[in-house]
>>> print(open('coords.cif').read())   # mmCIF, C-alpha atoms
data_my_file
loop_
_atom_site.label_atom_id
_atom_site.label_comp_id
_atom_site.auth_asym_id
_atom_site.auth_seq_id
_atom_site.Cartn_x
_atom_site.Cartn_y
_atom_site.Cartn_z
CA MET A 493 83.34 27.07 1.74
CA ARG A 494 81.69 29.26 4.38
CA SER A 495 79.71 31.11 1.71
CA GLY A 496 78.55 27.81 0.19
CA ARG A 497 77.32 26.48 3.57
CA THR A 498 75.40 29.72 4.19
CA GLY A 499 73.74 29.46 0.78
CA SER A 500 72.78 25.83 1.38
CA LEU A 501 71.40 26.72 4.81
CA GLY A 502 69.37 29.55 3.31
CA VAL A 503 67.85 27.24 0.71
CA THR A 504 67.05 24.66 3.40
CA VAL A 505 65.39 27.24 5.65
CA LEU A 506 63.39 28.63 2.71
CA THR A 507 62.23 25.12 1.78
CA VAL A 508 61.13 24.36 5.35
CA VAL A 509 59.32 27.68 5.72
CA THR A 510 57.58 27.25 2.36
CA ALA A 511 56.46 23.75 3.27
CA PHE A 512 55.16 25.01 6.61
CA LEU A 513 53.17 27.81 4.97
CA PHE A 514 51.64 25.44 2.44
CA ALA A 515 50.67 23.11 5.29
CA LEU A 516 48.67 25.97 6.78
CA LEU A 517 46.59 26.42 3.64
CA PRO A 518 43.11 24.84 3.74
CA ALA A 519 42.63 21.76 1.61
CA THR A 520 39.53 19.82 0.76
CA ARG A 521 40.13 16.13 1.39
CA ALA A 522 38.40 13.57 -0.78
CA ASP A 523 36.78 12.08 2.34
CA ALA A 524 35.33 15.51 3.21
CA LEU A 525 33.39 15.65 -0.05
CA PRO A 526 29.81 14.35 -0.20
CA ALA A 527 29.21 10.99 -1.81
CA TRP A 528 28.22 10.85 -5.44
CA PRO A 529 24.42 10.43 -5.70
CA SER A 530 22.81 7.44 -7.33
CA VAL A 531 20.59 8.42 -10.27
CA SER A 532 18.59 5.81 -12.15
CA GLN A 533 15.44 5.23 -14.17
CA GLY A 534 12.46 6.98 -12.63
CA ALA A 535 14.51 9.86 -11.20
CA THR A 536 13.67 13.45 -12.03
CA GLY A 537 15.16 16.86 -11.38
CA THR A 538 18.50 18.62 -11.40
CA ASP A 539 20.81 15.61 -11.18
CA THR A 540 18.96 13.83 -13.99
CA THR A 541 19.23 16.93 -16.19
CA THR A 542 22.95 17.08 -15.36
CA VAL A 543 23.41 13.45 -16.35
CA GLN A 544 21.60 14.08 -19.62
CA TYR A 545 23.70 17.13 -20.53
CA LEU A 546 26.90 15.22 -19.78
CA LEU A 547 25.74 12.27 -21.86
CA ARG A 548 25.01 14.70 -24.70
CA HIS A 549 28.56 16.02 -24.36
CA HIS A 550 29.78 12.45 -24.83
CA GLY A 551 27.79 12.09 -28.04
CA HIS A 552 24.48 10.60 -26.88
CA GLY A 553 21.60 12.37 -28.60
CA ILE A 554 19.02 12.46 -25.82
CA ALA A 555 16.78 15.24 -24.54
CA ALA A 556 17.85 17.07 -21.38
CA ASP A 557 14.33 17.14 -19.94
CA GLY A 558 15.05 16.08 -16.35
CA GLN A 559 13.15 12.80 -16.79
CA PHE A 560 15.23 9.61 -16.42
CA GLY A 561 13.30 7.37 -18.78
CA PRO A 562 14.22 4.41 -21.02
CA ALA A 563 16.15 6.59 -23.51
CA THR A 564 18.37 8.02 -20.78
CA ARG A 565 18.93 4.58 -19.28
CA SER A 566 19.90 3.20 -22.69
CA ALA A 567 22.40 6.06 -23.12
CA VAL A 568 23.87 5.39 -19.66
CA VAL A 569 24.26 1.68 -20.41
CA GLY A 570 25.96 2.50 -23.69
CA PHE A 571 28.29 4.97 -21.99
CA GLN A 572 29.17 2.46 -19.27
CA SER A 573 29.77 -0.38 -21.74
CA ALA A 574 32.08 1.76 -23.88
CA ARG A 575 34.27 2.49 -20.82
CA GLY A 576 34.37 -0.98 -19.34
CA LEU A 577 32.11 -0.12 -16.42
CA ILE A 578 29.33 -2.25 -14.98
CA ALA A 579 26.52 -1.53 -17.43
CA ASP A 580 23.66 -1.35 -14.94
CA GLY A 581 22.11 1.90 -16.12
CA VAL A 582 22.69 3.54 -12.74
CA VAL A 583 24.79 6.71 -12.53
CA GLY A 584 26.52 6.26 -9.19
CA GLY A 585 29.98 6.32 -7.69
CA GLN A 586 31.58 4.28 -10.47
CA THR A 587 30.07 6.27 -13.35
CA TRP A 588 30.11 9.92 -12.27
CA PRO A 589 33.93 10.26 -12.32
CA HIS A 590 33.96 9.09 -15.94
CA LEU A 591 30.95 11.20 -16.95
CA ILE A 592 32.03 14.60 -15.62
CA VAL A 593 34.07 16.96 -17.79
CA PRO A 594 36.37 19.72 -16.44
CA VAL A 595 35.17 23.13 -17.67
CA ARG A 596 36.29 26.70 -17.04
CA GLN A 597 35.87 30.19 -18.52
CA GLY A 598 35.95 30.09 -22.31
CA ALA A 599 34.39 26.62 -22.57
CA SER A 600 31.03 26.05 -24.23
CA GLY A 601 28.57 23.26 -24.89
CA ASP A 602 26.53 20.72 -22.96
CA ALA A 603 29.12 20.10 -20.23
CA VAL A 604 28.89 23.82 -19.40
CA ARG A 605 25.09 23.54 -19.37
CA ALA A 606 25.45 20.69 -16.88
CA ALA A 607 27.61 22.85 -14.61
CA GLN A 608 25.21 25.82 -14.92
CA THR A 609 22.29 23.54 -14.04
CA GLN A 610 24.04 22.42 -10.86
CA LEU A 611 25.05 25.96 -9.87
CA ASN A 612 21.46 27.12 -10.29
CA ALA A 613 20.37 24.50 -7.75
CA TYR A 614 22.40 26.55 -5.26
CA GLY A 615 20.74 29.80 -6.25
CA ALA A 616 23.18 31.06 -8.92
CA GLY A 617 20.43 32.23 -11.28
CA LEU A 618 22.46 31.61 -14.44
CA ALA A 619 21.17 31.34 -17.98
CA VAL A 620 21.71 27.70 -19.01
CA ASP A 621 23.16 28.74 -22.35
CA GLY A 622 26.29 26.59 -22.50
CA GLN A 623 28.60 29.64 -22.50
CA PHE A 624 31.14 29.72 -19.67
CA GLY A 625 31.49 33.48 -19.43
CA PRO A 626 32.21 35.92 -16.58
CA ALA A 627 28.86 35.31 -14.84
CA THR A 628 29.39 31.55 -14.71
CA ASP A 629 32.99 32.05 -13.63
CA ALA A 630 31.87 34.30 -10.77
CA ALA A 631 29.23 31.76 -9.73
CA VAL A 632 31.79 28.94 -9.72
CA ARG A 633 34.31 30.91 -7.67
CA GLY A 634 31.61 32.00 -5.24
CA TYR A 635 30.44 28.41 -4.81
CA GLN A 636 33.98 27.16 -4.33
CA SER A 637 34.74 29.81 -1.70
CA SER A 638 31.60 29.04 0.28
CA HIS A 639 32.24 25.28 0.19
CA GLY A 640 35.91 25.19 1.22
CA LEU A 641 37.27 24.49 -2.27
CA ALA A 642 40.11 26.21 -4.11
CA ALA A 643 38.40 29.21 -5.76
CA ASP A 644 40.14 28.79 -9.13
CA GLY A 645 37.07 28.90 -11.38
CA LEU A 646 37.72 25.37 -12.67
CA VAL A 647 34.84 22.94 -12.39
CA GLY A 648 37.09 19.93 -11.93
CA PRO A 649 36.57 16.59 -10.14
CA GLN A 650 36.32 18.02 -6.59
CA THR A 651 33.97 20.85 -7.56
CA TRP A 652 31.82 18.51 -9.61
CA GLN A 653 31.56 16.06 -6.70
CA SER A 654 30.72 18.85 -4.26
CA LEU A 655 28.05 20.25 -6.60
CA VAL A 656 26.44 16.96 -7.56
CA GLY A 657 26.90 15.14 -4.25
CA GLY A 658 25.93 18.12 -2.12
CA ASN A 659 22.45 19.08 -1.18
CA GLY A 660 21.73 21.61 -3.89
CA GLY A 661 21.12 19.36 -6.84
CA GLY A 662 20.15 16.16 -5.09
CA GLY A 663 16.70 14.96 -6.02
CA GLY A 664 15.62 18.16 -7.71
CA ASN A 665 15.33 20.67 -4.86
CA PRO A 666 13.09 23.58 -5.87
CA SER A 667 15.08 26.61 -6.99
CA GLY A 668 16.12 28.84 -4.12
CA TYR A 669 15.68 26.19 -1.41
CA SER A 670 17.95 23.58 0.13
CA LEU A 671 17.79 20.81 2.67
CA PRO A 672 19.92 21.53 5.74
CA LEU A 673 21.95 18.33 5.19
CA ASP A 674 23.36 16.49 2.22
CA ARG A 675 20.66 14.42 0.60
CA GLY A 676 21.25 10.90 1.86
CA ALA A 677 22.58 12.03 5.24
CA VAL A 678 19.17 11.11 6.67
CA GLY A 679 16.09 9.54 5.14
CA ARG A 680 12.89 11.36 4.22
CA ALA A 681 11.16 10.13 7.39
CA ALA A 682 13.64 12.05 9.56
CA TYR A 683 12.39 15.36 8.19
CA GLY A 684 8.80 14.45 9.09
CA ALA A 685 9.44 13.05 12.57
CA SER A 686 8.09 14.84 15.62
CA HIS A 687 10.50 16.37 18.12
CA TRP A 688 11.17 14.25 21.21
CA ASN A 689 9.32 16.70 23.48
CA ALA A 690 6.72 17.72 20.87
CA ASN A 691 8.23 21.20 20.43
CA PRO A 692 7.94 22.88 17.00
CA ALA A 693 11.37 21.66 15.85
CA VAL A 694 13.08 18.67 14.27
CA ASP A 695 16.18 16.75 15.40
CA LEU A 696 18.25 15.16 12.63
CA ILE A 697 20.56 12.47 14.00
CA VAL A 698 23.91 12.91 12.25
CA SER A 699 27.51 13.16 13.40
CA TYR A 700 29.78 15.99 12.28
CA VAL A 701 28.54 16.49 8.72
CA PRO A 702 28.08 19.69 6.66
CA ALA A 703 25.04 21.88 7.37
CA TYR A 704 23.59 24.12 4.64
CA ALA A 705 21.49 27.25 4.35
CA ILE A 706 17.84 26.32 3.76
CA ARG A 707 17.17 29.70 2.16
CA SER A 708 19.24 32.72 1.28
CA GLY A 709 19.65 35.03 4.23
CA VAL A 710 22.00 36.76 6.64
CA VAL A 711 24.01 34.61 9.04
CA ASP A 712 23.68 35.54 12.71
CA HIS A 713 26.09 33.78 15.07
CA TYR A 714 24.04 32.62 18.02
CA SER A 715 24.95 30.64 21.12
CA SER A 716 23.18 29.60 24.30
CA ALA A 717 23.47 26.94 27.00
CA SER A 718 20.68 24.98 25.32
CA CYS A 719 21.52 25.54 21.65
CA GLY A 720 25.28 25.44 22.03
CA THR A 721 27.07 26.77 18.97
CA GLY A 722 24.30 27.92 16.68
CA ILE A 723 23.34 29.99 13.67
CA ARG A 724 20.21 31.98 12.98
CA LEU A 725 19.63 32.50 9.26
CA LEU A 726 17.76 35.81 9.17
CA GLN A 727 15.05 36.52 6.59
CA PRO A 728 13.94 39.97 5.36
CA ASP A 729 10.48 39.66 7.02
CA GLY A 730 11.91 38.95 10.47
CA SER A 731 11.63 35.18 10.22
CA ARG A 732 14.64 32.97 10.85
CA PHE A 733 15.90 29.42 10.47
CA VAL A 734 17.69 28.25 13.62
CA TYR A 735 20.50 25.66 13.65
CA CYS A 736 21.74 24.29 17.01
CA HIS A 737 24.47 22.03 18.40
CA LEU A 738 27.00 22.83 15.65
CA SER A 739 30.62 21.86 16.18
CA SER A 740 31.79 24.82 14.07
CA ARG A 741 30.58 27.58 11.77
CA SER A 742 31.78 27.97 8.18
CA VAL A 743 30.75 31.58 7.50
CA GLY A 744 31.22 34.87 9.30
CA ASP A 745 28.67 36.73 11.37
CA GLY A 746 26.59 39.10 9.23
CA VAL A 747 27.48 37.42 5.93
CA SER A 748 24.74 37.03 3.29
CA VAL A 749 24.56 33.51 1.88
CA ALA A 750 22.58 31.75 -0.83
CA ALA A 751 20.47 28.65 -0.31
CA GLY A 752 22.70 25.58 -0.30
CA THR A 753 25.76 27.39 1.06
CA ARG A 754 27.61 25.41 3.68
CA ILE A 755 27.25 27.37 6.92
CA GLY A 756 28.65 24.95 9.48
CA THR A 757 29.31 21.42 10.67
CA THR A 758 26.90 19.53 12.90
CA GLY A 759 28.05 18.46 16.33
CA ASP A 760 27.15 17.91 19.98
CA THR A 761 27.44 21.32 21.66
CA GLY A 762 24.97 22.73 24.20
CA ASN A 763 22.20 20.62 25.72
CA SER A 764 22.47 17.95 23.05
CA GLY A 765 22.76 14.47 24.52
CA THR A 766 23.97 12.96 21.25
CA PRO A 767 25.40 14.42 18.03
CA HIS A 768 22.59 15.84 15.90
CA LEU A 769 21.30 18.94 14.13
CA HIS A 770 18.37 20.73 15.76
CA VAL A 771 16.38 22.88 13.31
CA GLU A 772 13.69 25.43 14.13
CA ILE A 773 11.69 27.90 12.07
CA ARG A 774 10.59 31.09 13.83
CA THR A 775 8.48 33.80 12.30
CA SER A 776 8.17 37.45 13.36
CA GLY A 777 7.63 37.75 17.11
CA SER A 778 9.68 34.57 17.66
CA VAL A 779 6.68 32.31 16.94
CA ALA A 780 7.98 28.74 16.66
CA ARG A 781 6.59 26.93 13.61
CA CYS A 782 6.67 23.26 12.63
CA PRO A 783 9.56 22.76 10.16
CA GLN A 784 8.37 19.32 9.05
CA PRO A 785 6.01 20.35 6.21
CA TYR A 786 8.57 22.85 4.94
CA LEU A 787 11.51 20.42 4.89
CA LEU A 788 9.46 17.56 3.43
CA ALA A 789 8.35 19.79 0.56
CA ILE A 790 11.96 20.65 -0.22
CA HIS A 791 12.93 16.98 0.00
CA ASP A 792 10.18 16.10 -2.48
CA GLY A 793 11.19 18.85 -4.92
CA LEU A 794 8.13 20.99 -4.20
CA THR A 795 7.92 24.67 -3.38
CA PRO A 796 7.41 24.76 0.39
CA PRO A 797 4.47 26.52 2.07
CA SER A 798 4.88 30.05 3.36
CA LEU A 799 6.51 30.25 6.78
CA ASN A 800 3.52 32.00 8.35
CA SER A 801 1.20 29.22 7.20
CA LEU A 802 3.15 26.53 9.08
CA PRO A 803 1.41 25.09 12.16
CA THR A 804 2.66 25.82 15.68
CA SER A 805 1.79 22.42 17.18
CA GLY A 806 1.18 18.83 16.14
CA CYS A 807 4.50 18.82 14.33
CA THR A 808 4.73 15.56 12.43
CA ALA A 809 4.30 14.32 8.87
#
>>> encode(input="coords.cif", output="structure tokens")
Amino acid sequence: MRSGRTGSLGVTVLTVVTAFLFALLPATRADALPAWPSVSQGATGTDTTTVQYLLRHHGHGIAADGQFGPATRSAVVGFQSARGLIADGVVGGQTWPHLIVPVRQGASGDAVRAAQTQLNAYGAGLAVDGQFGPATDAAVRGYQSSHGLAADGLVGPQTWQSLVGGNGGGGGNPSGYSLPLDRGAVGRAAYGASHWNANPAVDLIVSYVPAYAIRSGVVDHYSSASCGTGIRLLQPDGSRFVYCHLSSRSVGDGVSVAAGTRIGTTGDTGNSGTPHLHVEIRTSGSVARCPQPYLLAIHDGLTPPSLNSLPTSGCTA
């Protein structure tokens, strides 16, 4: 009897300890993922191309040209009707979960091309060849690690939603660039607004949302009484993108990141006044430049102007 009680106690203790350890593991909650974007007729860019590749996977013979025209809308309506969805021709929150296809190493075809297209929006530099080989697997795992997802190499529902709903593919960002916030977190006008005291900077009014690397670079943890918890994203020529008032950082000091990598969470630290993200661009010699033309170009899917060509005053759209 004594031996039996000891065995039962051991099993109970092991179960409790195991549960405790699993509770310590990070998990990505559904409410922490970005919202699915809304893509409809007239849209262009990465998300449209992704929609087209996924529709092709489901048997719709359309071109994956990044142009959401009548043929793509007709295919979307047909897809929606066949699955009992509202057939409005808009690929939004009700349609994306039905359209995406889980893919992992060894898979091939248009669903893989869709995943490769999204990964390239975050700087992966993959050949969009429809072959899920080692390079694509490494890109997926790297993306998952940098975005707080389980790095299992499976492009499943959470990874798809993070890729498509995150900043990288939204609206057709130019390759190698990213908005500092999820597309839809603020409107276009916010990126062109002047700073409250006319400084060469922009304040984006958001509360505790993901912040992303505008360009690839080296993360420099930076803090001051004014900036609070901050990050300087260092560029090879001595320029830097400055993020202030973060509530937390998501990457280590000295880590190299690609454009679109989540680097922190916005907040209200330092001399803030209200939760927001303060963004500056500084070139060599710590010259403060207007970020508005640069961020608006990215928002509009255009290659932004060189940092040294940005004005130092009159910062507005």
>>> closest_atom_pairs(input="coords.cif", of="segment 645-762 of chain A", to="segment 590-608 of chain A", cutoff="9 Å", atoms="only C-alpha atoms", output="JSON lines")
{"residue": "A:Gly645", "atom": "CA", "partner": "A:Arg596", "partner_atom": "CA", "distance": 6.1}
{"residue": "A:Leu646", "atom": "CA", "partner": "A:Arg596", "partner_atom": "CA", "distance": 4.8}
{"residue": "A:Val647", "atom": "CA", "partner": "A:Val595", "partner_atom": "CA", "distance": 5.3}
{"residue": "A:Gly648", "atom": "CA", "partner": "A:Pro594", "partner_atom": "CA", "distance": 4.6}
{"residue": "A:Pro649", "atom": "CA", "partner": "A:Pro594", "partner_atom": "CA", "distance": 7.0}
{"residue": "A:Trp652", "atom": "CA", "partner": "A:Ile592", "partner_atom": "CA", "distance": 7.2}
{"residue": "A:Leu655", "atom": "CA", "partner": "A:Ala607", "partner_atom": "CA", "distance": 8.4}
>>> resolve_selection(input="coords.cif", expression="the PyMOL selection byres ((chain A and resi 611) around 10)", output="mmCIF file with C-alpha atoms, in the frame of the given file")
data_model
loop_
_atom_site.group_PDB
_atom_site.id
_atom_site.type_symbol
_atom_site.label_atom_id
_atom_site.label_comp_id
_atom_site.auth_asym_id
_atom_site.auth_seq_id
_atom_site.Cartn_x
_atom_site.Cartn_y
_atom_site.Cartn_z
ATOM 1 C CA THR A 538 18.500 18.620 -11.400
ATOM 2 C CA ARG A 605 25.090 23.540 -19.370
ATOM 3 C CA ALA A 606 25.450 20.690 -16.880
ATOM 4 C CA ALA A 607 27.610 22.850 -14.610
ATOM 5 C CA GLN A 608 25.210 25.820 -14.920
ATOM 6 C CA THR A 609 22.290 23.540 -14.040
ATOM 7 C CA GLN A 610 24.040 22.420 -10.860
ATOM 8 C CA ASN A 612 21.460 27.120 -10.290
ATOM 9 C CA ALA A 613 20.370 24.500 -7.750
ATOM 10 C CA TYR A 614 22.400 26.550 -5.260
ATOM 11 C CA GLY A 615 20.740 29.800 -6.250
ATOM 12 C CA ALA A 616 23.180 31.060 -8.920
ATOM 13 C CA GLY A 617 20.430 32.230 -11.280
ATOM 14 C CA LEU A 618 22.460 31.610 -14.440
ATOM 15 C CA VAL A 620 21.710 27.700 -19.010
ATOM 16 C CA THR A 628 29.390 31.550 -14.710
ATOM 17 C CA ALA A 631 29.230 31.760 -9.730
ATOM 18 C CA VAL A 632 31.790 28.940 -9.720
ATOM 19 C CA TYR A 635 30.440 28.410 -4.810
ATOM 20 C CA LEU A 655 28.050 20.250 -6.600
ATOM 21 C CA VAL A 656 26.440 16.960 -7.560
ATOM 22 C CA GLY A 660 21.730 21.610 -3.890
ATOM 23 C CA GLY A 661 21.120 19.360 -6.840
ATOM 24 C CA GLY A 752 22.700 25.580 -0.300
#
>>> resolve_selection(input="coords.cif", expression="the PyMOL selection byres ((chain A and resi 565) around 9)", output="list of chain:residue names")
A:Ser532, A:Gln533, A:Phe560, A:Gly561, A:Pro562, A:Ala563, A:Thr564, A:Ser566, A:Ala567, A:Val568, A:Val569, A:Gly570, A:Asp580, A:Gly581, A:Val582
>>> residues_around(input="coords.cif", residues="Val711 of chain A", least_positions_apart="2", cutoff="8 Å", atoms="all atoms listed in the file", output="list in words")
Gly709, His713, Ile723, Arg724, Leu725, Leu726, Val743, Gly744, Asp745, Gly746, Val747, Ser748 and Val749 of chain A
>>> closest_residue(input="coords.cif", among="A:Ser530, A:Asp644, A:Val694, A:Cys807", to="Asp629 of chain A", atoms="all atoms listed in the file")
A:Asp644
>>> axis_aligned_box(input="coords.cif", around="segment 634-643 of chain A", padding_each_side="8 Å", output="AutoDock Vina command-line options")
--center_x 35.3 --center_y 28.2 --center_z -2.3 --size_x 25.7 --size_y 23.5 --size_z 23.0
>>> atom_distance(input="coords.cif", atom1="atom CA of Gly658 of chain A", atom2="atom CA of Asp695 of chain A")
20.1 Å
>>> closest_residue(input="coords.cif", among="A:Asp792, A:Asp674, A:Asp621, A:Asp557", to="Thr541 of chain A", atoms="all atoms listed in the file")
A:Asp557
>>> closest_residue(input="coords.cif", among="A:Ser798, A:Thr757, A:Thr808, A:Gln623", to="Tyr700 of chain A", atoms="all atoms listed in the file")
A:Thr757
>>> residues_around(input="coords.cif", residues="Val779 of chain A", least_positions_apart="4", cutoff="12 Å", atoms="all atoms listed in the file", output="VMD selection string")
chain A and resid 691 to 693 730 to 733 772 to 775 799 to 805
>>> resolve_selection(input="coords.cif", expression="the PyMOL selection byres ((chain A and resi 791) around 8)", output="PyMOL selection string")
chain A and resi 663+665+671+680+787-790+792-794
>>> atom_distance(input="coords.cif", atom1="atom CA of Leu738 of chain A", atom2="atom CA of Thr761 of chain A")
6.2 Å
>>> closest_residue(input="coords.cif", among="A:Ser708, A:Thr651, A:Ser715, A:Thr766", to="Tyr669 of chain A", atoms="all atoms listed in the file")
A:Ser708
>>> atom_distance(input="coords.cif", atom1="atom CA of Ser776 of chain A", atom2="atom CA of Pro728 of chain A")
10.2 Å
>>> closest_residue(input="coords.cif", among="A:Gln784, A:Thr540, A:Thr795, A:Ser637", to="Ala681 of chain A", atoms="only C-alpha atoms")
A:Gln784
>>> residues_around(input="coords.cif", residues="Pro767 of chain A", least_positions_apart="5", cutoff="8 Å", atoms="all atoms listed in the file", output="list in words")
Ile697, Val698, Ser699, Tyr700, His737, Thr758, Gly759 and Asp760 of chain A
>>> closest_residue(input="coords.cif", among="A:Gly684, A:Gly534, A:Pro796, A:Gly634", to="Arg707 of chain A", atoms="only C-alpha atoms")
A:Pro796
>>> residues_around(input="coords.cif", residues="Tyr735 of chain A", least_positions_apart="6", cutoff="6 Å", atoms="all atoms listed in the file", output="ChimeraX atom specification")
/A:722-723,770-771
>>> write_last_selection(input="coords.cif", atoms="C-alpha atoms", output="compact mmCIF listing (two decimals), in the frame of the given file")
# COMPACT_ATOMS: atom_id res chain seq x y z
CA GLY A 722 24.30 27.92 16.68
CA ILE A 723 23.34 29.99 13.67
CA HIS A 770 18.37 20.73 15.76
CA VAL A 771 16.38 22.88 13.31
